[in-house]
Amino acid sequence: MQKRRIRPSNLWEGVVAARRWMLAYGLMIFLPVCMMLFVYYEQSSRILQEEVTQTMQQTLKQAGINLSSRLNYVQNSSNSIFMNNKLYENLDPASPIIERIAQSKELRNLLESVQSAPDIVRARVFTDPGNLYGFDLLNLFPLDSLKVRPWNNEVMNAGGSIVWTGIYEENYLDSGPARILSCARLLRHPRNFAQSLGVLMLDVPEKMLTEIISELNFPAQSRVYIVDRSGTIIYSADQSVIGTKTALERESDDGIIKRSENGVEVFEVRAPIRAADWRLVLEVPKTGLTHRTTTLSQWSGIATVVGMTIMFLILVFMLLAFVINGMNRRIKSVVKTIRTEGVEGLEEPGGDFRLLERVVDHLVHRVKDLMEEAYRSKMLEREAELRALQAQINPHFLYNTLDTINWLAISRDADDISHLIESLSDYFRLSLNKGKDHVCVVDELELSRVYLEIQQNRFPSTFEFFIEADPEASRCVIPKLTLQPIVENALLHGIRKNKGKIGIINIHAKRCGDVLEITIKDNGIGMDEQLASSLLSTSRPLLHAEGNGSSYGLYNVNERIKLMAGSDYGLTVRSRLGEGTVVIVRLKAMNEERIK
């Protein structure tokens, strides 16, 4: 019976169709939502921006009203003194000297009584020396001391009307320096209006303005200051700008103005301080206003997001119902096809997903079997690769040794030949190791010793060697023929090419924790660092010595160690021309029981 096969294209078409529906859904929802969110954001930002600026304007107006109220209180106190006949009687120069002494005392008492009022730190009168017996420089001062003040002419020309000075520093005799502003007015003789008696000043501390303005809750980037009717800044938290002119338009005492300053859009909010004919000005960058607007629109934004999320969920559920219905039909078709092909255990009654679950379980077991089979194949391939790499170690040594024995048999006595044959026998016994792939470090070092003794017979009086091993390192096992190619390279490529010098080869084995480290060092001709590093990255068949192709050795040993132990282990080569070469072998420290 011909089995009906499931066409992969049908399944892929189903997946593509589902993706198309999802993409269509995303476009249908995403584009309108983006447009709606953009319009909503623009409209809400504009509305909230207007609301925020209007709220700031109302706050600023209330601050202006509060300041006007406090200043009006000071002006009322000035009016009460100004209308007091005692003030003019005590400043009348027609009185005798004895009476003028009493008048000065009574005038001081009158001024001190005003100082007890809130927001008034000092009441002062400035007059000519002929009007008083003397000045105490606490409440009574000579009129000439006002001439240095920039607002003196304005007070003199006001004709008795109240003039508010800007912020300035006054050094009181009894309490020291203080920053104040003053309510000043000219005093005229009640019976001779053309005659001036002096100037009355009520001093208000700067902190009265600071307290009211500091309570305003405006963005951190904003700036609040007070300007007089000429546009001069008379108060600001930044004292460096006091006294500078602003670009305020006189015709607009209050309102909201949008302008650009150094490329930054700034909202300017104004409110009048009618008691002093001043204006309270707030400058807010649009960025700070936008941040405040965003904060205010947080709840409306959350409500909008929640509403849209609910709408999206409803649409998603509808789409999922449509997609699942189509998937269910395709699953039935797949299960039916698998059942017709004889998959065991699917004849039991159950729903579509139950059948699909059984099919998936069957496929999982099948995949698991295939993975185990692939793993076994991989292990066999790796073992074959290890043996192939090991087999690449060149057999030239056997032929060279036999050639040496032949030469010794002709030119020397039989004892030397006997010794060489015995060494050669030991070499092959140790290298074969009864077919085992791993040997003890002691045996591998013994193999190196025998090899070097044979080479000493071949090249007498040309080199010496020293072999030592720590007790812990001697008990470890390593792959067979790990050291022999390295020792061979040290002798033939390093020592033998350094003519006229006795070569020295040092071999040392030690164990550092879980790492076995064997160092082979020679004092041969060495090599440049670039060549030394390339020996481990690429096999170099074009480089050879005496036709032996031994340049394969380091590369093969390094690959063997990495295949067996991992990329953290292998060979390290350090060499310089004329200074010799050091090869460090790093392996996992393992004993014979762990290998078995």
# chains A, B, ... in the order shown; residues from 1 in each chain; ligands from 1
>>> residues_around(residues="Ile584 of chain A", least_positions_apart="2", cutoff="12 Å", atoms="only C-alpha atoms", output="ChimeraX atom specification")
/A:482-483,486-487,506-510,515-522,554,557-558,569-575,581-582,586-587
>>> residues_around(residues="Ile504 of chain A", least_positions_apart="2", cutoff="10 Å", atoms="only C-alpha atoms", output="PyMOL selection string")
chain A and resi 462-466+490-491+495+501-502+506+521-524+580
>>> residues_around(residues="segment 195-212 of chain A", least_positions_apart="3", cutoff="8 Å", atoms="only C-alpha atoms", output="ChimeraX atom specification")
/A:63,66-67,74,78,88,91-92,119-128,131,143,167,178-189,192,215-216,237
>>> decode(residues="segment 158-191 of chain A", atoms="N, CA and C atoms", output="CSV table (one decimal), in the first residue's frame")
chain,number,residue,atom,x,y,z
A,158,ALA,N,7.7,113.8,43.7
A,158,ALA,CA,6.4,113.2,43.8
A,158,ALA,C,5.4,114.1,44.6
A,159,GLY,N,5.9,115.1,45.2
A,159,GLY,CA,5.0,116.1,45.9
A,159,GLY,C,4.2,115.5,47.1
A,160,GLY,N,4.8,114.6,47.8
A,160,GLY,CA,4.1,114.0,48.9
A,160,GLY,C,3.4,112.7,48.7
A,161,SER,N,3.4,112.2,47.4
A,161,SER,CA,2.8,110.9,47.1
A,161,SER,C,3.9,109.8,47.5
A,162,ILE,N,3.3,108.6,47.8
A,162,ILE,CA,4.2,107.5,48.2
A,162,ILE,C,5.0,107.0,47.0
A,163,VAL,N,6.3,106.8,47.3
A,163,VAL,CA,7.2,106.2,46.3
A,163,VAL,C,7.8,105.0,46.9
A,164,TRP,N,7.7,103.9,46.2
A,164,TRP,CA,8.4,102.6,46.7
A,164,TRP,C,9.7,102.5,46.0
A,165,THR,N,10.7,102.4,46.9
A,165,THR,CA,12.1,102.2,46.4
A,165,THR,C,12.3,100.7,46.0
A,166,GLY,N,13.4,100.4,45.3
A,166,GLY,CA,13.7,99.0,45.0
A,166,GLY,C,14.5,98.4,46.2
A,167,ILE,N,14.9,97.2,46.0
A,167,ILE,CA,15.7,96.6,47.0
A,167,ILE,C,17.1,97.2,47.1
A,168,TYR,N,17.5,97.6,48.3
A,168,TYR,CA,18.8,98.1,48.5
A,168,TYR,C,19.3,97.7,49.9
A,169,GLU,N,20.5,97.9,50.2
A,169,GLU,CA,21.1,97.5,51.5
A,169,GLU,C,21.3,98.7,52.4
A,170,GLU,N,20.9,98.6,53.6
A,170,GLU,CA,21.0,99.7,54.6
A,170,GLU,C,21.7,99.2,55.8
A,171,ASN,N,22.7,100.0,56.3
A,171,ASN,CA,23.5,99.6,57.4
A,171,ASN,C,22.9,100.3,58.7
A,172,TYR,N,22.1,99.6,59.5
A,172,TYR,CA,21.6,100.3,60.7
A,172,TYR,C,22.6,100.3,61.8
A,173,LEU,N,22.5,101.4,62.5
A,173,LEU,CA,23.5,101.6,63.6
A,173,LEU,C,23.4,100.6,64.7
A,174,ASP,N,22.2,100.2,65.0
A,174,ASP,CA,22.1,99.3,66.1
A,174,ASP,C,22.0,97.8,65.7
A,175,SER,N,21.7,97.5,64.5
A,175,SER,CA,21.5,96.0,64.1
A,175,SER,C,22.4,95.6,62.9
A,176,GLY,N,23.1,96.5,62.2
A,176,GLY,CA,24.0,96.1,61.2
A,176,GLY,C,23.3,96.2,59.8
A,177,PRO,N,23.9,95.6,58.8
A,177,PRO,CA,23.4,95.7,57.4
A,177,PRO,C,22.1,94.8,57.2
A,178,ALA,N,21.2,95.3,56.4
A,178,ALA,CA,20.0,94.5,56.1
A,178,ALA,C,19.5,95.0,54.7
A,179,ARG,N,18.9,94.0,53.9
A,179,ARG,CA,18.4,94.3,52.6
A,179,ARG,C,16.9,94.6,52.8
A,180,ILE,N,16.5,95.8,52.3
A,180,ILE,CA,15.2,96.3,52.6
A,180,ILE,C,14.7,97.0,51.3
A,181,LEU,N,13.4,97.3,51.3
A,181,LEU,CA,12.8,98.3,50.4
A,181,LEU,C,11.9,99.3,51.2
A,182,SER,N,11.7,100.5,50.8
A,182,SER,CA,11.2,101.5,51.6
A,182,SER,C,10.0,102.2,51.0
A,183,CYS,N,9.0,102.6,51.8
A,183,CYS,CA,7.9,103.4,51.4
A,183,CYS,C,8.2,104.9,51.8
A,184,ALA,N,8.6,105.7,50.8
A,184,ALA,CA,9.1,107.0,51.1
A,184,ALA,C,8.1,108.1,50.5
A,185,ARG,N,8.0,109.2,51.3
A,185,ARG,CA,7.2,110.4,50.8
A,185,ARG,C,7.8,111.7,51.3
A,186,LEU,N,7.5,112.7,50.6
A,186,LEU,CA,8.0,114.0,51.0
A,186,LEU,C,7.1,114.7,52.0
A,187,LEU,N,7.6,115.3,53.1
A,187,LEU,CA,6.8,116.0,54.1
A,187,LEU,C,6.9,117.5,53.8
A,188,ARG,N,5.7,118.2,53.7
A,188,ARG,CA,5.6,119.6,53.5
A,188,ARG,C,5.0,120.3,54.7
A,189,HIS,N,5.4,121.6,54.8
A,189,HIS,CA,4.9,122.4,56.0
A,189,HIS,C,3.4,122.6,55.8
A,190,PRO,N,2.6,122.2,56.8
A,190,PRO,CA,1.1,122.4,56.7
A,190,PRO,C,0.6,123.8,56.4
A,191,ARG,N,1.4,124.8,56.9
A,191,ARG,CA,0.9,126.2,56.7
A,191,ARG,C,1.6,126.8,55.5
